[in-house]
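See below for the structure under consideration.
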Amino acid sequence: MSLTEKNDSIKIGMIALGCNKNQVDAELMLGSLASQGFEICEDPVECDVVIVNTCGFIESAKRESIENILQCCELKKQGVIKLVVVTGCLAERYRDEMAELIPEADVILGIGANDEIGNAIKQALAGREVRSFYAPENLEMEGRRILVNYPHYAYIRIADGCDNRCSYCAIPAIRGRYRSRPMENIIEECKAFASKGVEEFIIIAQDTTRYGEDIYGKRMLPELLKGICAIDGIRWVRILYAYPERVTDELLDVMASEEKIVKYLDIPIQHCSPKVLRAMHRKASTSAEILAFIKHIREKVPGIALRTTLLTGFPGESNSDFEALCKFVKAAKFERLGCFAYSREEGTASYDMPNQLDEETKERRAEVIMQIQTLVSAALLKKKVGTIMEVVVEGYDNKNKVFRARSAQDAPEIDGIVYFASPEKHCIGDFVNVKIEKSSDYDLLGSLVE
């Protein structure tokens, strides 16, 4: 029997790169393939077909995507796998270039063609080369998903696309206009995951605070959160990618009153210089205004942990702009912060802006910001020593004989780790209480509270 005669004899592997929004795309494709009878396999070298779901946001992500594609093409050349499938943002952003640059790829799909993945693989197995692209707004956001992370949490994408048009960002060109999912669909997805033991929902979109504006005529994130919190069996609800100027008192009141919403909010600020923010096509707030905004959030939601991202080396960022950013980081005392050097991306408004900075300056400035944040983080975590924290187990460190866990104030993969010693056996996804005994720059160490 040939591979094309029986789908369940075809083993499919997925390499999911990039952000958690892209991860949801990968999970939907896997769910679709499994529903069509394909066998999902974790190890690429044991697969017949490997899908590389790429990221094309910034230069470093593009390099990582291309490296993974080329590695899979080499496996195909060696006869280890049969097909290489390329999907995701890089394929969408560079439609023409991908086919020319990597002719070894058997299938290349833009994100608007993700729901064709099964038929595309069948065609490629029959010897046909597949190149399929549609408008990104055709991206299917509903359907069965197979989680590629730990089974106790799931990313819940409430919208896709973006209308913010920040001058440094290629996402609107890749993902299209902002599109919200119907609230009832989101609630049903959450109920289905909760019935399978998922206890943490992480709410994502390019801009979560804009949710509902396009289909309901008003922003509906607070109402959506209330609906999710009413679902039995869930423990934590986390909000990422909240656009600063759309963080309303209504949203903060819901966060403060709903016990299941963790006291954590991701609000990408990007900078504190009005001049730089204006050039970024973002609201031109001053440092004082942003600090007042942060103070207001902390007053409305006591004990909240705030995460942000900053961008250094944007065109025209002067020495005084950067010095102001350093002072801002010291004053704001964000519990979690990531800083990235500006990546000059073709097709964005900032690409042709004057006064581009050299790579060394951009990277050095990002490093300085992170050095400052290291001191801020260390001081904040030191205050946690002696407290008892609820954490979720996510692994075991054999070398140091401690469990690895995450608190309610830590998002997966991007934030800190809580290590703890315990005489008991714990499974991934177990929630336990830990007394914090030591702290480092970004992590905590404690022991099980019995």
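Starting from 1 in every chain, residues are counted up; chains themselves are A, B, ... following the order of the structure tokens, and ligands are numbered from 1 as listed.
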Please identify every residue of region 43-162 of chain A that has at least one atom no farther than 10 Å from an atom of region 408-422 of chain A, counting only C-alpha atoms, and for each give the shortest atom pair and the distance in Å to one decimal, arranged by chain then increasing number, as a tab-separated table.
residue	atom	partner	partner_atom	distance
A:Asn149	CA	A:Pro412	CA	9.5
A:Tyr150	CA	A:Pro412	CA	9.7
A:Tyr153	CA	A:Pro412	CA	9.1
Quick one: write out the picked residues with N, CA, C and O atoms as a compact mmCIF listing (two decimals), in the first residue's frame?
# COMPACT_ATOMS: atom_id res chain seq x y z
N ASN A 149 2.53 22.50 23.70
CA ASN A 149 3.19 22.84 24.97
C ASN A 149 2.72 21.86 26.05
O ASN A 149 2.06 20.86 25.76
N TYR A 150 3.05 22.14 27.30
CA TYR A 150 2.57 21.32 28.40
C TYR A 150 1.04 21.28 28.39
O TYR A 150 0.38 22.27 28.02
N TYR A 153 -1.70 24.13 30.25
CA TYR A 153 -2.07 25.49 29.83
C TYR A 153 -2.27 25.53 28.32
O TYR A 153 -1.75 24.70 27.57
Original post:
Quick one: residues within 8 Å of region 368-378 of chain A, only C-alpha atoms counted, chain neighbours fewer than 5 positions away excluded, as a VMD selection string?
Top reply: chain A and resid 326 329 to 330 333 to 339 439 to 442
Pick out each residue of region 98-311 of chain A that DSSP on the backbone tags as strand (DSSP E); I need them as an mmCIF file with N, CA, C and O atoms, in the first residue's frame.
data_model
loop_
_atom_site.group_PDB
_atom_site.id
_atom_site.type_symbol
_atom_site.label_atom_id
_atom_site.label_comp_id
_atom_site.auth_asym_id
_atom_site.auth_seq_id
_atom_site.Cartn_x
_atom_site.Cartn_y
_atom_site.Cartn_z
ATOM 1 N N VAL A 107 6.142 21.870 -0.395
ATOM 2 C CA VAL A 107 4.912 22.632 -0.208
ATOM 3 C C VAL A 107 5.261 23.959 0.450
ATOM 4 O O VAL A 107 6.001 23.993 1.434
ATOM 5 N N ILE A 108 4.720 25.054 -0.084
ATOM 6 C CA ILE A 108 4.835 26.366 0.559
ATOM 7 C C ILE A 108 3.437 26.962 0.611
ATOM 8 O O ILE A 108 2.795 27.168 -0.422
ATOM 9 N N LEU A 109 2.972 27.216 1.827
ATOM 10 C CA LEU A 109 1.633 27.760 2.030
ATOM 11 C C LEU A 109 1.703 29.088 2.769
ATOM 12 O O LEU A 109 2.376 29.203 3.794
ATOM 13 N N VAL A 130 3.531 22.143 -4.584
ATOM 14 C CA VAL A 130 2.389 22.958 -4.163
ATOM 15 C C VAL A 130 2.861 24.317 -3.663
ATOM 16 O O VAL A 130 3.712 24.406 -2.772
ATOM 17 N N ARG A 131 2.301 25.363 -4.241
ATOM 18 C CA ARG A 131 2.527 26.740 -3.804
ATOM 19 C C ARG A 131 1.158 27.402 -3.728
ATOM 20 O O ARG A 131 0.495 27.588 -4.749
ATOM 21 N N SER A 132 0.682 27.731 -2.539
ATOM 22 C CA SER A 132 -0.682 28.240 -2.393
ATOM 23 C C SER A 132 -0.716 29.439 -1.461
ATOM 24 O O SER A 132 -0.202 29.388 -0.341
ATOM 25 N N TYR A 153 -1.703 24.132 30.253
ATOM 26 C CA TYR A 153 -2.067 25.485 29.830
ATOM 27 C C TYR A 153 -2.268 25.532 28.322
ATOM 28 O O TYR A 153 -1.749 24.701 27.571
ATOM 29 N N ALA A 154 -3.051 26.515 27.898
ATOM 30 C CA ALA A 154 -3.323 26.692 26.472
ATOM 31 C C ALA A 154 -3.385 28.174 26.154
ATOM 32 O O ALA A 154 -3.913 28.977 26.935
ATOM 33 N N TYR A 155 -2.820 28.539 25.010
ATOM 34 C CA TYR A 155 -2.966 29.900 24.500
ATOM 35 C C TYR A 155 -4.327 30.004 23.825
ATOM 36 O O TYR A 155 -4.693 29.162 22.999
ATOM 37 N N ILE A 156 -5.078 31.030 24.184
ATOM 38 C CA ILE A 156 -6.391 31.264 23.592
ATOM 39 C C ILE A 156 -6.310 32.519 22.732
ATOM 40 O O ILE A 156 -6.251 33.642 23.246
ATOM 41 N N ARG A 157 -6.264 32.307 21.424
ATOM 42 C CA ARG A 157 -6.175 33.454 20.516
ATOM 43 C C ARG A 157 -7.578 34.008 20.278
ATOM 44 O O ARG A 157 -8.449 33.331 19.758
ATOM 45 N N ALA A 159 -8.164 36.970 18.631
ATOM 46 C CA ALA A 159 -8.209 37.755 17.394
ATOM 47 C C ALA A 159 -6.906 37.548 16.648
ATOM 48 O O ALA A 159 -5.915 37.059 17.206
ATOM 49 N N ASP A 160 -6.903 37.932 15.378
ATOM 50 C CA ASP A 160 -5.668 37.904 14.604
ATOM 51 C C ASP A 160 -5.590 39.171 13.774
ATOM 52 O O ASP A 160 -6.577 39.896 13.614
ATOM 53 N N ARG A 179 -9.036 41.030 13.264
ATOM 54 C CA ARG A 179 -10.256 40.232 13.158
ATOM 55 C C ARG A 179 -10.503 39.496 14.467
ATOM 56 O O ARG A 179 -9.720 38.637 14.873
ATOM 57 N N SER A 180 -11.593 39.815 15.146
ATOM 58 C CA SER A 180 -11.952 39.151 16.400
ATOM 59 C C SER A 180 -12.704 37.860 16.123
ATOM 60 O O SER A 180 -13.444 37.752 15.147
ATOM 61 N N GLU A 200 -4.916 26.588 32.889
ATOM 62 C CA GLU A 200 -4.496 27.977 32.688
ATOM 63 C C GLU A 200 -4.763 28.369 31.244
ATOM 64 O O GLU A 200 -4.339 27.696 30.313
ATOM 65 N N PHE A 201 -5.462 29.481 31.080
ATOM 66 C CA PHE A 201 -5.706 30.042 29.757
ATOM 67 C C PHE A 201 -4.924 31.347 29.626
ATOM 68 O O PHE A 201 -5.039 32.235 30.480
ATOM 69 N N ILE A 202 -4.161 31.449 28.553
ATOM 70 C CA ILE A 202 -3.356 32.635 28.298
ATOM 71 C C ILE A 202 -3.953 33.349 27.094
ATOM 72 O O ILE A 202 -3.923 32.840 25.974
ATOM 73 N N ILE A 203 -4.520 34.517 27.332
ATOM 74 C CA ILE A 203 -5.274 35.250 26.317
ATOM 75 C C ILE A 203 -4.309 36.036 25.435
ATOM 76 O O ILE A 203 -3.537 36.866 25.920
ATOM 77 N N ILE A 204 -4.372 35.771 24.112
ATOM 78 C CA ILE A 204 -3.432 36.405 23.198
ATOM 79 C C ILE A 204 -4.135 36.953 21.958
ATOM 80 O O ILE A 204 -5.214 36.511 21.566
ATOM 81 N N TRP A 236 -6.172 29.592 36.421
ATOM 82 C CA TRP A 236 -5.515 30.855 36.089
ATOM 83 C C TRP A 236 -5.940 31.336 34.710
ATOM 84 O O TRP A 236 -6.020 30.551 33.758
ATOM 85 N N VAL A 237 -6.177 32.654 34.591
ATOM 86 C CA VAL A 237 -6.398 33.317 33.303
ATOM 87 C C VAL A 237 -5.401 34.456 33.216
ATOM 88 O O VAL A 237 -5.330 35.297 34.122
ATOM 89 N N ARG A 238 -4.619 34.489 32.152
ATOM 90 C CA ARG A 238 -3.528 35.456 32.009
ATOM 91 C C ARG A 238 -3.723 36.281 30.739
ATOM 92 O O ARG A 238 -4.113 35.749 29.693
ATOM 93 N N ILE A 239 -3.429 37.571 30.797
ATOM 94 C CA ILE A 239 -3.627 38.467 29.659
ATOM 95 C C ILE A 239 -2.275 38.957 29.134
ATOM 96 O O ILE A 239 -1.477 39.552 29.870
ATOM 97 N N ILE A 261 -8.375 35.482 37.369
ATOM 98 C CA ILE A 261 -7.446 36.276 36.562
ATOM 99 C C ILE A 261 -6.213 36.564 37.396
ATOM 100 O O ILE A 261 -6.289 37.197 38.451
ATOM 101 N N VAL A 262 -5.077 36.065 36.943
ATOM 102 C CA VAL A 262 -3.846 36.268 37.705
ATOM 103 C C VAL A 262 -3.474 37.742 37.687
ATOM 104 O O VAL A 262 -3.750 38.459 36.725
ATOM 105 N N LYS A 263 -2.833 38.166 38.763
ATOM 106 C CA LYS A 263 -2.438 39.570 38.870
ATOM 107 C C LYS A 263 -1.138 39.771 38.081
ATOM 108 O O LYS A 263 -0.031 39.840 38.630
ATOM 109 N N TYR A 264 -1.335 39.851 36.786
ATOM 110 C CA TYR A 264 -0.215 39.923 35.831
ATOM 111 C C TYR A 264 -0.769 40.569 34.566
ATOM 112 O O TYR A 264 -1.852 40.205 34.108
ATOM 113 N N LEU A 265 -0.025 41.517 34.009
ATOM 114 C CA LEU A 265 -0.473 42.149 32.773
ATOM 115 C C LEU A 265 0.738 42.501 31.917
ATOM 116 O O LEU A 265 1.704 43.095 32.388
ATOM 117 N N ASP A 266 0.647 42.114 30.661
ATOM 118 C CA ASP A 266 1.702 42.415 29.687
ATOM 119 C C ASP A 266 1.276 43.648 28.891
ATOM 120 O O ASP A 266 0.270 43.616 28.175
ATOM 121 N N ALA A 305 1.852 42.070 38.840
ATOM 122 C CA ALA A 305 3.169 42.036 38.212
ATOM 123 C C ALA A 305 3.018 42.543 36.787
ATOM 124 O O ALA A 305 2.178 42.038 36.032
ATOM 125 N N LEU A 306 3.793 43.540 36.426
ATOM 126 C CA LEU A 306 3.706 44.131 35.099
ATOM 127 C C LEU A 306 4.889 43.697 34.240
ATOM 128 O O LEU A 306 6.034 43.735 34.681
ATOM 129 N N ARG A 307 4.578 43.274 33.026
ATOM 130 C CA ARG A 307 5.611 42.940 32.032
ATOM 131 C C ARG A 307 5.527 43.947 30.897
ATOM 132 O O ARG A 307 4.437 44.360 30.506
ATOM 133 N N THR A 308 6.700 44.313 30.357
ATOM 134 C CA THR A 308 6.711 45.163 29.183
ATOM 135 C C THR A 308 7.857 44.774 28.263
ATOM 136 O O THR A 308 8.736 43.990 28.645
ATOM 137 N N THR A 309 7.816 45.305 27.052
ATOM 138 C CA THR A 309 8.941 45.169 26.123
ATOM 139 C C THR A 309 9.354 46.563 25.671
ATOM 140 O O THR A 309 8.513 47.462 25.513
ATOM 141 N N LEU A 310 10.639 46.715 25.475
ATOM 142 C CA LEU A 310 11.203 47.980 25.016
ATOM 143 C C LEU A 310 12.021 47.750 23.752
ATOM 144 O O LEU A 310 12.490 46.643 23.492
ATOM 145 N N LEU A 311 12.212 48.830 22.988
ATOM 146 C CA LEU A 311 12.946 48.768 21.730
ATOM 147 C C LEU A 311 14.024 49.840 21.758
ATOM 148 O O LEU A 311 13.720 51.023 21.942
#
Close residues, Arg93 (chain A) itself excluded, 9 Å, only C-alpha atoms, min 5 positions apart in chain, as a compact mmCIF listing (two decimals) with N, CA, C and O atoms, in the first residue's frame:
# COMPACT_ATOMS: atom_id res chain seq x y z
N GLY A 56 8.51 35.32 10.58
CA GLY A 56 9.17 36.26 9.68
C GLY A 56 9.14 37.67 10.20
O GLY A 56 9.18 38.63 9.44
N PHE A 57 9.11 37.83 11.53
CA PHE A 57 8.89 39.14 12.13
C PHE A 57 10.13 40.02 12.07
O PHE A 57 10.09 41.15 11.60
N GLY A 88 3.54 29.50 7.60
CA GLY A 88 3.81 30.55 8.57
C GLY A 88 4.15 31.90 7.98
O GLY A 88 4.04 32.15 6.77
N GLY A 110 1.00 30.10 2.26
CA GLY A 110 0.80 31.32 3.02
C GLY A 110 -0.19 31.07 4.13
O GLY A 110 -0.93 30.07 4.11
N ALA A 170 6.00 44.66 10.77
CA ALA A 170 5.53 44.08 9.52
C ALA A 170 4.26 43.25 9.70
O ALA A 170 3.73 42.72 8.72
N ALA A 173 1.12 43.77 7.46
CA ALA A 173 1.33 43.31 6.09
C ALA A 173 1.29 41.79 5.99
O ALA A 173 0.88 41.24 4.96
N ILE A 174 1.72 41.12 7.05
CA ILE A 174 1.75 39.66 7.05
C ILE A 174 0.39 39.08 7.43
O ILE A 174 -0.11 38.15 6.79
Subject >> Residue nearest Ile146 (chain A) among A:Leu380, A:Ile40, A:Ile297, A:Leu357 (counting only C-alpha atoms) >> reply: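 Selected residue with least distance to Ile146 (chain A): A:Ile40.
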Original post:
Counting only C-alpha atoms, which of A:Met389, A:Ala230, A:Pro315, A:Ala379 gets nearest to Lys362 (chain A)?
Top reply: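 Closest candidate: A:Pro315.
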